[in-house]
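Asker: Starting off with a structure, shown below.
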Amino acid sequence: MNIFVCVKQVPDTETKITPTSDGSFIETASIKWIMNPYDEFAVEQALLIKASNPAANVTVVRVGSVKDTEALRTAMAMGADEATLVEAGDNLDSYSIAKALKGAIEKSGKKPDIVLAGKQAIDDDALQVPQILAEMLGLPSVSVIVGFELNGTTVKVKREIEGGALEVYEVNTPVVLAANKGLNTPRYASLPGIMKAKKKPMAQFSLSDVGVTDADRRVKYSGFTLPPEKPAGKKFDATDAAKQQEVVAQVVGLLRTEAKVI
Amino acid sequence: MANVLVFTELHDGHVKPVTLEILGKLSGQTADVAVIGDISAEQVAVLAKCGAQNVHKLKGSNLDKYSPEGYANALSEFIKSKSYDYVFGGATSVGKDLLPRLATKFDAGLASDVVNFTMDGGTFAGTRPFFSGKCLAKVELTGPKPHFVSIRPNALGMTEGTTAGAGAAADVNANAGEIRAMIKEIVKAASTKTDLTEANIIVTGGRAMKNAENFAILEKMADVLGATVGASRAAVDSGFAPHAMQVGQTGKTVAPSLYIACGVSGAIQHLAGMRTSKVIVAINTDPDAPIFTRADYGIVGDLFTIVPIMTEEFKKLLGK
């Protein structure tokens, strides 16, 4: 069984984000990079499948810059067997990334049975790559999965939709699945795992190696700015029991007359 | 002027509000609507009022339940029979799943989760958040047409005074094609309230709620306001609320007109999920809680006394 996990490297959630002076992207020099949090659930699920299917091979694939390979090393330290990096900038659009991932999967010579990814990357929050990749590979897909079962070649997954309701899908492999938080509890990389990862194979390709050029861009981003600053709000002290009623009445009144939201 | 198709979904027989927000903003373009399945004459009239020229009802076998492949096959066949410049949809559960597959059938791009846009000279130019809302960026589409756009619910708001469209409704024979990933069962959630991502008013509880039972006081306020209840990550991790209620960077991103945060400290990751709320009210005993830097109206006090008083005030104001 061949399992591929697509991972992205993104800025840490606490990182201060600063647009470049020309607004073409953000300053990346002092960013702390981490594996996209949603991809951790994808890696973990691949490893859980491997635990029940010891002959399964788990390949982690990433499209991004070669400067930091944290995400791939972490995935291999967790237990993935090998990694593939397609060297590219950090601001490709979803279509180009999906096409590069497809190219990397094809270059491996391994026919995919299950392709896993996080449902979204927290840098562009596009929520597109897993579905685009599935369509490009001619495979079915289910996104936002919070439950997974594998019986032979039949996958049963729970997809989370509006209001917390769940759609239960059944589909035969090969299939592309996009993970949501709650699918599993990602393991920490152990020290022996980290040492073993150093010896695991990591293939590297350029975008053109996997058939992707600038002409593949479909979405252009520009004019990165900080969101407009909100003017300071009003603060009311309601710690004094005698004042509580008055303060609350005042705020509720303002919500109608000033903010006009109720 | 561009030819635009707006994909719409129904919730309880009603057109989702995001469709009307999109139609209003497309005023001046030629806009048709496509829906999978049937839609009442009354709802067609609602669409017409917001500018829909034609309402295409795509009907066929295996389309009674959502499936990414079925819907994508049916819509792509229909779109190929016409010549639309753009296909818009709401960035809803279905929209986020379906539109990337559908766009790829045309080798086309999708600008997703757009919060504002213009159609000058019939060409789309949008704005969307990046890095969990820490940035805004301009987004444009290039390459094969039609171009696809998904719009974040509640971001555009309703446009006043749109010119009504003809609202001509007609059935279309639709082909679901081969469906490999099928829904076998739907497990409904306990709540039938509007989803957090589409709610106009949200009341959220933080770790200060202390337990799951205490969320009842927030539900009471939400019932009066017609709001949906959310939870911070701290509350979810402590077991006070299910993950589906989580607002924040690894939870839901919301854009209500009114967000009432009760006992929420306001960590960066929580703010990432609700910072575009139009008006924010915060209730917290800690005057230095970060949430107060984002709140339009901050109340320093104990939520357990403040929330019931506020619920009564809302009741009086709304005549309930």
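By convention in this document, the chains of the structure tokens carry letters A, B, ... by their order, each chain's residues are numbered from 1, and ligands are numbered from 1 in the order they are shown.
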Write out as a VMD selection string the set of residues from stretch 192-285 of chain B that DSSP, computed on the backbone, places in alpha helix (DSSP H).

Answerer: chain B and resid 215 to 225 233 to 237 268 to 274

Asker: Compile a residue-level contact table for stretch 51-144 of chain A against stretch 154-159 of chain A at a cut-off of 8 Å, reporting for every qualifying residue the shortest atom pair and its distance in Å to one decimal, with only C-alpha atoms counted, rows ordered by chain and ascending number, as a Markdown table.

Answerer:
```
| residue | atom | partner | partner_atom | distance |
| --- | --- | --- | --- | --- |
| A:Val142 | CA | A:Arg159 | CA | 7.1 |
| A:Ser143 | CA | A:Arg159 | CA | 6.5 |
| A:Val144 | CA | A:Arg159 | CA | 5.4 |
```

Asker: Please report, as a list in words, each residue of stretch 18-104 of chain A to which DSSP assigns strand (DSSP E) when run on this structure's backbone.

Answerer: Trp33, Ile34, Met35, Asn57, Val58, Thr59, Val60, Val61, Arg62, Val63, Gly64, Glu82, Ala83, Thr84, Leu85, Val86 and Glu87 of chain A

Asker: Pull N, CA and C atoms from the residues just selected and write them as a PDB file, in the first residue's frame.

Answerer:
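Once written, out.pdb looks like this:
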```pdb
ATOM      1  N   TRP A  33       9.171  28.767  11.118  1.00  0.00           N
ATOM      2  CA  TRP A  33       8.343  27.888  10.288  1.00  0.00           C
ATOM      3  C   TRP A  33       7.957  26.617  11.034  1.00  0.00           C
ATOM      4  N   ILE A  34       6.746  26.188  10.825  1.00  0.00           N
ATOM      5  CA  ILE A  34       6.270  24.946  11.446  1.00  0.00           C
ATOM      6  C   ILE A  34       5.520  24.125  10.398  1.00  0.00           C
ATOM      7  N   MET A  35       5.278  22.860  10.721  1.00  0.00           N
ATOM      8  CA  MET A  35       4.428  22.056   9.839  1.00  0.00           C
ATOM      9  C   MET A  35       3.015  22.609  10.007  1.00  0.00           C
ATOM     10  N   ASN A  57       3.892   1.913   2.699  1.00  0.00           N
ATOM     11  CA  ASN A  57       4.969   2.885   2.613  1.00  0.00           C
ATOM     12  C   ASN A  57       4.375   4.293   2.710  1.00  0.00           C
ATOM     13  N   VAL A  58       4.935   5.100   3.599  1.00  0.00           N
ATOM     14  CA  VAL A  58       4.427   6.464   3.769  1.00  0.00           C
ATOM     15  C   VAL A  58       5.445   7.456   3.227  1.00  0.00           C
ATOM     16  N   THR A  59       5.050   8.185   2.164  1.00  0.00           N
ATOM     17  CA  THR A  59       5.899   9.228   1.591  1.00  0.00           C
ATOM     18  C   THR A  59       5.278  10.580   1.884  1.00  0.00           C
ATOM     19  N   VAL A  60       6.074  11.473   2.460  1.00  0.00           N
ATOM     20  CA  VAL A  60       5.595  12.840   2.717  1.00  0.00           C
ATOM     21  C   VAL A  60       6.093  13.730   1.584  1.00  0.00           C
ATOM     22  N   VAL A  61       5.213  14.548   1.063  1.00  0.00           N
ATOM     23  CA  VAL A  61       5.589  15.419  -0.055  1.00  0.00           C
ATOM     24  C   VAL A  61       5.336  16.873   0.312  1.00  0.00           C
ATOM     25  N   ARG A  62       6.265  17.704  -0.031  1.00  0.00           N
ATOM     26  CA  ARG A  62       6.100  19.134   0.259  1.00  0.00           C
ATOM     27  C   ARG A  62       6.544  19.969  -0.936  1.00  0.00           C
ATOM     28  N   VAL A  63       5.790  21.013  -1.223  1.00  0.00           N
ATOM     29  CA  VAL A  63       6.170  21.967  -2.266  1.00  0.00           C
ATOM     30  C   VAL A  63       6.523  23.256  -1.542  1.00  0.00           C
ATOM     31  N   GLY A  64       7.756  23.686  -1.616  1.00  0.00           N
ATOM     32  CA  GLY A  64       8.133  24.907  -0.895  1.00  0.00           C
ATOM     33  C   GLY A  64       9.615  25.139  -0.974  1.00  0.00           C
ATOM     34  N   GLU A  82       9.805   8.131   3.851  1.00  0.00           N
ATOM     35  CA  GLU A  82      10.635   8.939   2.972  1.00  0.00           C
ATOM     36  C   GLU A  82       9.942  10.253   2.667  1.00  0.00           C
ATOM     37  N   ALA A  83      10.719  11.157   2.103  1.00  0.00           N
ATOM     38  CA  ALA A  83      10.175  12.482   1.816  1.00  0.00           C
ATOM     39  C   ALA A  83      10.563  12.929   0.420  1.00  0.00           C
ATOM     40  N   THR A  84       9.725  13.792  -0.140  1.00  0.00           N
ATOM     41  CA  THR A  84      10.032  14.413  -1.429  1.00  0.00           C
ATOM     42  C   THR A  84       9.789  15.893  -1.304  1.00  0.00           C
ATOM     43  N   LEU A  85      10.762  16.686  -1.722  1.00  0.00           N
ATOM     44  CA  LEU A  85      10.608  18.139  -1.702  1.00  0.00           C
ATOM     45  C   LEU A  85      10.619  18.643  -3.134  1.00  0.00           C
ATOM     46  N   VAL A  86       9.617  19.442  -3.490  1.00  0.00           N
ATOM     47  CA  VAL A  86       9.643  20.135  -4.778  1.00  0.00           C
ATOM     48  C   VAL A  86       9.985  21.571  -4.456  1.00  0.00           C
ATOM     49  N   GLU A  87      11.149  22.018  -4.904  1.00  0.00           N
ATOM     50  CA  GLU A  87      11.601  23.349  -4.528  1.00  0.00           C
ATOM     51  C   GLU A  87      10.790  24.430  -5.241  1.00  0.00           C
TER      52      GLU A  87
END
```

Asker: As a ChimeraX atom specification, please: the residues near stretch 90-101 of chain A (cut-off 6 Å, only C-alpha atoms, same-chain neighbours under 3 positions excluded).

Answerer: /A:64,104,129,133,210,216-217,219

Asker: Dump C-alpha atoms for the selected residues as an mmCIF file, in the first residue's frame?

Answerer:
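What follows is the written file selection-v3.cif:
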```cif
data_model
loop_
_atom_site.group_PDB
_atom_site.id
_atom_site.type_symbol
_atom_site.label_atom_id
_atom_site.label_comp_id
_atom_site.auth_asym_id
_atom_site.auth_seq_id
_atom_site.Cartn_x
_atom_site.Cartn_y
_atom_site.Cartn_z
ATOM 1 C CA GLY A 64 8.133 24.907 -0.895
ATOM 2 C CA ALA A 104 5.984 14.501 -7.405
ATOM 3 C CA VAL A 129 -5.233 21.831 -2.762
ATOM 4 C CA LEU A 133 -5.138 17.328 -6.494
ATOM 5 C CA VAL A 210 7.482 17.999 -12.103
ATOM 6 C CA ASP A 216 0.360 27.344 -14.359
ATOM 7 C CA ARG A 217 -0.503 30.160 -11.973
ATOM 8 C CA VAL A 219 -4.612 33.091 -8.908
#
```

Asker: So that I can see what lies close to A:Thr15, please list as a list of chain:residue names the residues with an atom at most 10 Å from it, counting only C-alpha atoms and leaving out residues fewer than 2 positions away in the same chain.

Answerer: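 Listed by chain and then number, they are A:Pro11, A:Asp12, A:Thr13, A:Ile17, A:Thr18, A:Ser30, A:Ile31, A:Lys32, A:Trp33, B:Phe131, B:Lys134, B:Ile268.
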
Asker: With C-alpha atoms retained, write the just-selected residues as a PDB file, in the first residue's frame.

Answerer:
```pdb
ATOM      1  CA  PRO A  11       4.584  30.585   9.702  1.00  0.00           C
ATOM      2  CA  ASP A  12       4.105  29.740  13.374  1.00  0.00           C
ATOM      3  CA  THR A  13       0.743  30.962  14.713  1.00  0.00           C
ATOM      4  CA  ILE A  17       3.323  39.084   9.943  1.00  0.00           C
ATOM      5  CA  THR A  18       4.667  42.136   8.082  1.00  0.00           C
ATOM      6  CA  SER A  30      12.634  36.207  10.600  1.00  0.00           C
ATOM      7  CA  ILE A  31       9.704  33.828  10.437  1.00  0.00           C
ATOM      8  CA  LYS A  32       9.602  30.680  12.561  1.00  0.00           C
ATOM      9  CA  TRP A  33       8.343  27.888  10.288  1.00  0.00           C
TER      10      TRP A  33
ATOM     11  CA  PHE B 131      -2.353  34.322   7.573  1.00  0.00           C
ATOM     12  CA  LYS B 134      -3.317  39.053   9.969  1.00  0.00           C
ATOM     13  CA  ILE B 268      -4.091  35.634  19.155  1.00  0.00           C
TER      14      ILE B 268
END
```

Asker: Neighbours of B:Ile283 within 8 Å (only C-alpha atoms; same-chain residues fewer than 6 positions away dropped), as a list of chain:residue names?

Answerer: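 My list of contacting residues is B:Ile260, B:Ala261, B:Cys262, B:Gly263, B:Val264, B:Gly298, B:Ile299, B:Val300, B:Gly301, B:Asp302, B:Leu303, B:Ile306.
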
Asker: Output C-alpha atoms for every residue in the selection just made, as a short mmCIF file (atom, residue, chain, number, x, y, z; two decimals), in the first residue's frame.

Answerer:
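Saved the output as out-v6.cif:
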```
data_model
loop_
_atom_site.label_atom_id
_atom_site.label_comp_id
_atom_site.auth_asym_id
_atom_site.auth_seq_id
_atom_site.Cartn_x
_atom_site.Cartn_y
_atom_site.Cartn_z
CA ILE B 260 -20.28 38.59 22.44
CA ALA B 261 -17.25 36.98 24.14
CA CYS B 262 -17.99 35.76 27.67
CA GLY B 263 -15.00 34.85 29.81
CA VAL B 264 -12.72 34.66 26.76
CA GLY B 298 -15.83 45.91 27.06
CA ILE B 299 -17.45 45.04 30.36
CA VAL B 300 -15.16 44.25 33.27
CA GLY B 301 -17.20 41.94 35.45
CA ASP B 302 -18.24 38.39 36.24
CA LEU B 303 -20.02 36.77 33.29
CA ILE B 306 -23.53 39.99 33.76
#
```

Asker: Tell me, in Å to one decimal, how far atom CA of B:Leu110 is from atom CA of B:Thr123.

Answerer: 14.2 Å

Asker: Considering only C-alpha atoms, state which residue in the set A:Leu127, A:Met1, A:Glu14, A:Gly138 is at the smallest distance from B:Ile179.

Answerer: A:Gly138

Asker: Using only C-alpha atoms, which of the listed residues (B:Asn211, B:Ser93, B:Asn173, B:Asn116) sits closest to chain A?

Answerer: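 Looking at the shortest contact to chain A, the residue is B:Ser93.
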
Asker: Which residue is closest to B:Val247? Choose from B:Ile202, B:Ala216, B:Ala222, B:Leu26 and count only C-alpha atoms.

Answerer: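 Among the listed residues, B:Ile202 lies closest to B:Val247.
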